[in-house]
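Engineer: Pasting in a structure now, in structure tokens, and then I'll have a few things to ask.
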2 protein chains.
Amino acid sequence: MSARPAAQALRQAEHLCRERGVRLTPQRRAVLELVCASPRPLSAYEILDRMGDGARIPAPPTVYRALDFLLRQGLVHKLASLHAFIGCAHPEHPHASQFLICAACGEVDELEDEPLMRHLTAAAQAVGFLPEQPVVELLGTCAQCRRKEEDPS
Amino acid sequence: MSARPAAQALRQAEHLCRERGVRLTPQRRAVLELVCASPRPLSAYEILDRMGDGARIPAPPTVYRALDFLLRQGLVHKLASLHAFIGCAHPEHPHASQFLICAACGEVDELEDEPLMRHLTAAAQAVGFLPEQPVVELLGTCAQCRRKEEDPS
DNA sequence: TCTGGAAATGTTATACAATAACGCCCCCCC
DNA sequence: GGGGGGGCGTTATTGTATAACATTTCCAGA
């Protein structure tokens with residue numbers, strides 16, 4: 001649930017990019033930092049708004065390009081059902097995640113249920129389909145918000 | 001996969017709406033017909049473009065309102081990763097589907113793997129999360145397009 | 001050290017997706 | 001025949017994403 005410190009995520013991202021021979025430029029780093037520091041997923045335009053140091057915010061392609069890079073490197077995830085982005089909890093290895101999105105507080109939990117994904121992949125392959133990019137998102141209510149609903153003290 | 005005849009889907013929709021005491025108006029019917037007749041999912045604006053009988057196409061809210069109704073009635077599905085809509089293959093009962101989306105030809109197959117969804121629900125509940133609306137979509141390549149890739153005769 | 005090219009960025013404009021807000025009309029029930 | 005809800009038309013606006021082209025930066029290789 002709670003994001004680990006953004007600083008740690010950034011250090012790891014730098015390490016991974018060096019290893020892979022790709023460039024974590026200041027812009028990309030800034031986008032990653034914003035996404036990792038936010039408790040909730042951010043839309044591309046929310047990221048834009050927060051990027052202007054003072055006035056003069058960048059144009060949309062700037063942030064979309066950075067996001068493309070970060071997505072390719074597995075450093076952020078896109079939540080298709082929200083048009084929003086979150087930092088990846090485990091960027092060190094490629095993986096297929098499932099996202100639990102709380103409709104009440106907006107926070108997102110990232111699961112990695114490997115048997116589940118194997119099951120899904122198998123079901124696809126059973127009809128001859130070659131899976132490449134899974135999107136598994138579950139809208140609902142997180143544990144904390146459920147407690148609040150029951151006892152709105 | 002191949003959609004069943006749109007005519008059949010429409011008859012069933014009329015039946016269901018009568019049963020439920022809701023109104024399948026001409027507009028809603030027209031949107032449903034377009035979505036069911038298309039082999040690929042349609043975006044809201046593609047539907048709009050095809051709704052003008054001759055000239056004068058309707059404004060966006062028209063089609064979005066119809067889609068809202070059809071979604072509520074379980075007659076169409078929305079594919080979040082594509083911003084597009086398809087007719088539901090089994091509107092008679094509420095259900096959670098998984099969608100196999102072919103990146104090559106654009107066609108979509110609708111699975112209903114109930115054990116898979118139970119597994120997903122259980123995984124969510126294990127962390128206290130109350131699931132409400134699942135989104136499971138798999139981008140990849142369908143059987144037919146895989147054969148074409150291997151043997152592009 | 002120069003230089004050519006790829007990658008990254010800036011900039012402008014535009015396309016595509018979705019909704020807000022308001023008013024009208026029709027239909028059905030009281 | 002009056003009231004009210006549901007459906008629809010219309011205008012305007014907000015939000016999401018990309019196309020296309022100019023410019024800069026950085027690094028490898030001559």
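In the structure tokens, the first chain shown is A, the next is B, and so on; residue numbers restart at 1 for each chain, and ligands run from 1 in the order shown.
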Find the spatial neighbours of DT24 in chain D, counting only C-alpha atoms (C1' of nucleotides), within a cut-off of 9 Å - ignore same-chain residues fewer than 5 positions away - and output them as an NGL selection string.
Structural biologist: :C and (8-10)
Engineer: Any idea what's packed within 12 Å of Leu10 in chain A, counting only C-alpha atoms (C1' of nucleotides), ignoring anything in its chain fewer than 2 positions away? Could you give it as a ChimeraX atom specification?
Structural biologist: /A:4-8,12-17,24-26,28-37,70,75-76,87-89,91
Engineer: Give me the chain B side of the contact with chain A, cut-off 8 Å, one line per residue showing its nearest atom pair and distance in Å at one decimal, counting only C-alpha atoms, sorted by chain and residue number, as a tab-separated table.
Structural biologist:
residue	atom	partner	partner_atom	distance
B:Ala80	CA	A:Ser81	CA	5.4
B:Ser81	CA	A:Ala80	CA	5.4
B:Leu100	CA	A:Ala124	CA	7.2
B:Asp113	CA	A:Ala123	CA	7.7
B:Leu116	CA	A:His119	CA	6.8
B:His119	CA	A:Leu116	CA	6.9
B:Leu120	CA	A:Leu116	CA	7.0
B:Ala123	CA	A:Asp113	CA	7.7
B:Ala124	CA	A:Leu100	CA	7.2
B:Val127	CA	A:Ala143	CA	7.3
B:Gly128	CA	A:Ala143	CA	4.6
B:Phe129	CA	A:Cys142	CA	4.5
B:Leu130	CA	A:Thr141	CA	5.0
B:Pro131	CA	A:Gly140	CA	4.4
B:Glu132	CA	A:Gly140	CA	4.7
B:Gln133	CA	A:Leu139	CA	5.0
B:Pro134	CA	A:Leu138	CA	4.5
B:Val135	CA	A:Glu137	CA	5.0
B:Val136	CA	A:Val136	CA	4.5
B:Glu137	CA	A:Val135	CA	5.0
B:Leu138	CA	A:Pro134	CA	4.5
B:Leu139	CA	A:Gln133	CA	5.0
B:Gly140	CA	A:Pro131	CA	4.4
B:Thr141	CA	A:Leu130	CA	5.1
B:Cys142	CA	A:Phe129	CA	4.5
B:Ala143	CA	A:Gly128	CA	4.6
B:Arg146	CA	A:Leu130	CA	7.9
Engineer: Let's have the selection written as a tab-separated table (two decimals), in the first residue's frame, with C-alpha atoms.
Structural biologist:
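Dumped everything to part.tsv:
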chain	number	residue	atom	x	y	z
B	80	ALA	CA	-10.52	0.43	-21.04
B	81	SER	CA	-7.22	-0.15	-22.76
B	100	LEU	CA	-8.34	-11.09	-25.60
B	113	ASP	CA	-13.23	-17.97	-16.88
B	116	LEU	CA	-9.92	-17.20	-12.70
B	119	HIS	CA	-9.00	-16.47	-7.79
B	120	LEU	CA	-8.62	-12.77	-8.47
B	123	ALA	CA	-6.46	-12.48	-3.84
B	124	ALA	CA	-8.02	-9.07	-3.37
B	127	VAL	CA	-5.58	-8.06	1.62
B	128	GLY	CA	-8.93	-6.74	2.82
B	129	PHE	CA	-9.95	-5.26	-0.49
B	130	LEU	CA	-13.59	-5.38	-1.57
B	131	PRO	CA	-13.63	-5.86	-5.32
B	132	GLU	CA	-16.40	-4.33	-7.36
B	133	GLN	CA	-15.50	-3.92	-10.98
B	134	PRO	CA	-12.81	-6.02	-12.60
B	135	VAL	CA	-10.93	-5.01	-15.72
B	136	VAL	CA	-9.08	-7.90	-17.32
B	137	GLU	CA	-7.74	-7.35	-20.80
B	138	LEU	CA	-4.99	-9.16	-22.61
B	139	LEU	CA	-3.28	-7.58	-25.59
B	140	GLY	CA	-1.60	-10.01	-27.90
B	141	THR	CA	-2.03	-11.88	-31.15
B	142	CYS	CA	-4.98	-14.08	-32.06
B	143	ALA	CA	-4.62	-17.56	-33.52
B	146	ARG	CA	-0.27	-15.84	-35.66
Engineer: As JSON, numbers by chain, please: all residues of range 13-91 of chain A that backbone DSSP puts in alpha helix (DSSP H).
Structural biologist: {"A": [13, 14, 15, 16, 17, 18, 19, 20, 26, 27, 28, 29, 30, 31, 32, 33, 34, 35, 36, 37, 44, 45, 46, 47, 48, 49, 50, 51, 60, 61, 62, 63, 64, 65, 66, 67, 68, 69, 70, 71, 72]}
Engineer: Go ahead and write the residues just picked, C-alpha atoms, as a PDB file, in the first residue's frame.
Structural biologist:
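New file out-v4.pdb:
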ATOM      1  CA  ALA A  13      16.051   3.481 -11.039  1.00  0.00           C
ATOM      2  CA  GLU A  14      19.418   5.119 -11.531  1.00  0.00           C
ATOM      3  CA  HIS A  15      21.148   1.864 -10.861  1.00  0.00           C
ATOM      4  CA  LEU A  16      18.935  -0.054 -13.295  1.00  0.00           C
ATOM      5  CA  CYS A  17      19.341   2.508 -16.051  1.00  0.00           C
ATOM      6  CA  ARG A  18      23.094   2.516 -15.701  1.00  0.00           C
ATOM      7  CA  GLU A  19      23.069  -1.258 -15.883  1.00  0.00           C
ATOM      8  CA  ARG A  20      20.934  -1.223 -18.990  1.00  0.00           C
ATOM      9  CA  PRO A  26      16.737  15.039 -15.526  1.00  0.00           C
ATOM     10  CA  GLN A  27      13.273  15.267 -17.072  1.00  0.00           C
ATOM     11  CA  ARG A  28      12.675  11.557 -16.815  1.00  0.00           C
ATOM     12  CA  ARG A  29      13.990  11.608 -13.314  1.00  0.00           C
ATOM     13  CA  ALA A  30      11.691  14.464 -12.403  1.00  0.00           C
ATOM     14  CA  VAL A  31       8.649  12.642 -13.751  1.00  0.00           C
ATOM     15  CA  LEU A  32       9.621   9.465 -11.953  1.00  0.00           C
ATOM     16  CA  GLU A  33      10.128  11.353  -8.745  1.00  0.00           C
ATOM     17  CA  LEU A  34       6.710  12.977  -8.919  1.00  0.00           C
ATOM     18  CA  VAL A  35       5.004   9.696  -9.680  1.00  0.00           C
ATOM     19  CA  CYS A  36       6.819   7.847  -6.912  1.00  0.00           C
ATOM     20  CA  ALA A  37       6.231  10.546  -4.334  1.00  0.00           C
ATOM     21  CA  ALA A  44      -0.159  13.031 -17.267  1.00  0.00           C
ATOM     22  CA  TYR A  45      -1.544  16.524 -16.861  1.00  0.00           C
ATOM     23  CA  GLU A  46      -1.221  16.455 -13.093  1.00  0.00           C
ATOM     24  CA  ILE A  47       2.433  15.595 -13.627  1.00  0.00           C
ATOM     25  CA  LEU A  48       2.725  18.468 -16.076  1.00  0.00           C
ATOM     26  CA  ASP A  49       1.233  20.911 -13.602  1.00  0.00           C
ATOM     27  CA  ARG A  50       3.742  19.898 -10.980  1.00  0.00           C
ATOM     28  CA  MET A  51       6.739  20.062 -13.269  1.00  0.00           C
ATOM     29  CA  PRO A  60       2.282  17.675 -23.063  1.00  0.00           C
ATOM     30  CA  PRO A  61       4.685  15.750 -25.321  1.00  0.00           C
ATOM     31  CA  THR A  62       7.425  16.340 -22.791  1.00  0.00           C
ATOM     32  CA  VAL A  63       5.739  14.364 -20.087  1.00  0.00           C
ATOM     33  CA  TYR A  64       4.339  11.736 -22.426  1.00  0.00           C
ATOM     34  CA  ARG A  65       7.792  11.040 -23.787  1.00  0.00           C
ATOM     35  CA  ALA A  66       9.216  10.678 -20.325  1.00  0.00           C
ATOM     36  CA  LEU A  67       6.363   8.375 -19.367  1.00  0.00           C
ATOM     37  CA  ASP A  68       6.936   6.246 -22.477  1.00  0.00           C
ATOM     38  CA  PHE A  69      10.522   5.779 -21.455  1.00  0.00           C
ATOM     39  CA  LEU A  70       9.668   4.946 -17.858  1.00  0.00           C
ATOM     40  CA  LEU A  71       6.999   2.488 -18.975  1.00  0.00           C
ATOM     41  CA  ARG A  72       9.415   0.756 -21.334  1.00  0.00           C
TER      42      ARG A  72
END
Engineer: When the cut-off is 12 Å and we count only C-alpha atoms (C1' of nucleotides), which residues of chain C are near chain B, given as an mmCIF file with N, CA and C atoms (P, O5', C5', C4', C3', O3' and C1' of nucleotides), in the first residue's frame?
Structural biologist:
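The resulting file, out08.cif, is shown below:
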data_model
loop_
_atom_site.group_PDB
_atom_site.id
_atom_site.type_symbol
_atom_site.label_atom_id
_atom_site.label_comp_id
_atom_site.auth_asym_id
_atom_site.auth_seq_id
_atom_site.Cartn_x
_atom_site.Cartn_y
_atom_site.Cartn_z
ATOM 1 P P DA C 15 -7.265 18.190 -36.753
ATOM 2 O "O5'" DA C 15 -7.403 16.770 -36.030
ATOM 3 C "C5'" DA C 15 -6.357 15.839 -36.200
ATOM 4 C "C4'" DA C 15 -6.441 14.801 -35.099
ATOM 5 C "C3'" DA C 15 -7.837 14.185 -34.953
ATOM 6 O "O3'" DA C 15 -7.640 12.788 -34.881
ATOM 7 C "C1'" DA C 15 -7.054 14.981 -32.857
ATOM 8 P P DC C 16 -8.835 11.788 -35.051
ATOM 9 O "O5'" DC C 16 -9.156 11.383 -33.548
ATOM 10 C "C5'" DC C 16 -8.158 10.726 -32.795
ATOM 11 C "C4'" DC C 16 -8.564 10.731 -31.355
ATOM 12 C "C3'" DC C 16 -9.978 10.198 -31.070
ATOM 13 O "O3'" DC C 16 -9.819 9.146 -30.140
ATOM 14 C "C1'" DC C 16 -9.564 12.153 -29.855
ATOM 15 P P DA C 17 -11.065 8.317 -29.613
ATOM 16 O "O5'" DA C 17 -11.334 8.964 -28.186
ATOM 17 C "C5'" DA C 17 -10.354 8.838 -27.183
ATOM 18 C "C4'" DA C 17 -10.934 9.289 -25.867
ATOM 19 C "C3'" DA C 17 -12.342 8.776 -25.573
ATOM 20 O "O3'" DA C 17 -12.325 8.210 -24.277
ATOM 21 C "C1'" DA C 17 -12.285 11.139 -25.366
ATOM 22 P P DA C 18 -13.704 7.671 -23.627
ATOM 23 O "O5'" DA C 18 -14.290 8.985 -22.933
ATOM 24 C "C5'" DA C 18 -13.584 9.563 -21.844
ATOM 25 C "C4'" DA C 18 -14.369 10.725 -21.310
ATOM 26 C "C3'" DA C 18 -15.828 10.416 -20.953
ATOM 27 O "O3'" DA C 18 -15.926 10.461 -19.550
ATOM 28 C "C1'" DA C 18 -15.583 12.548 -22.021
ATOM 29 P P DT C 19 -17.304 10.343 -18.777
ATOM 30 O "O5'" DT C 19 -17.721 11.878 -18.588
ATOM 31 C "C5'" DT C 19 -16.723 12.773 -18.104
ATOM 32 C "C4'" DT C 19 -17.299 14.167 -18.049
ATOM 33 C "C3'" DT C 19 -18.682 14.281 -17.411
ATOM 34 O "O3'" DT C 19 -18.571 15.260 -16.403
ATOM 35 C "C1'" DT C 19 -18.599 15.487 -19.415
ATOM 36 P P DA C 20 -19.765 15.513 -15.380
ATOM 37 O "O5'" DA C 20 -19.996 17.091 -15.468
ATOM 38 C "C5'" DA C 20 -18.901 17.920 -15.859
ATOM 39 C "C4'" DA C 20 -19.404 19.342 -16.018
ATOM 40 C "C3'" DA C 20 -20.691 19.641 -15.268
ATOM 41 O "O3'" DA C 20 -20.642 20.997 -14.847
ATOM 42 C "C1'" DA C 20 -21.065 19.904 -17.590
ATOM 43 P P DA C 21 -21.714 21.549 -13.794
ATOM 44 O "O5'" DA C 21 -22.738 22.368 -14.699
ATOM 45 C "C5'" DA C 21 -22.215 23.130 -15.788
ATOM 46 C "C4'" DA C 21 -23.365 23.652 -16.612
ATOM 47 C "C3'" DA C 21 -24.701 23.734 -15.853
ATOM 48 O "O3'" DA C 21 -25.327 24.946 -16.214
ATOM 49 C "C1'" DA C 21 -24.980 22.503 -17.827
#
Engineer: Which distance in Å separates CA of Ser38 in chain A and CA of Ala9 in chain A, to one decimal?
Structural biologist: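 One can read the CA of Ser38 in chain A to CA of Ala9 in chain A distance as 12.3 Å.
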Engineer: List as CSV every residue of chain D that is in contact with chain B, defined as an atom at most 10 Å from one of its atoms (using only C-alpha atoms (C1' of nucleotides)), together with the nearest atom pair and the distance in Å rounded to one decimal, sorted by chain and then rising number.
Structural biologist:
residue,atom,partner,partner_atom,distance
D:DG6,C1',B:Arg23,CA,9.8
D:DG7,C1',B:Thr25,CA,8.7
D:DC8,C1',B:Thr62,CA,7.4
D:DG9,C1',B:Ala59,CA,8.3
D:DT10,C1',B:Ala59,CA,7.9
D:DT11,C1',B:Ala59,CA,9.8
Engineer: How would the residues just chosen look if you wrote them out with C-alpha atoms (C1' of nucleotides) as a compact mmCIF listing (two decimals), in the first residue's frame?
Structural biologist:
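Wrote it out as selection_25.txt, contents follow:
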# COMPACT_ATOMS: atom_id res chain seq x y z
C1' DG D 6 -36.74 10.13 -18.28
C1' DG D 7 -34.82 10.81 -22.63
C1' DC D 8 -32.90 13.83 -25.91
C1' DG D 9 -30.83 18.25 -28.31
C1' DT D 10 -27.43 21.71 -27.99
C1' DT D 11 -23.51 24.46 -26.73
Engineer: To one decimal place in Å, what is the distance between C1' of DA17 in chain D and CA of Phe85 in chain A?
Structural biologist: 14.1 Å
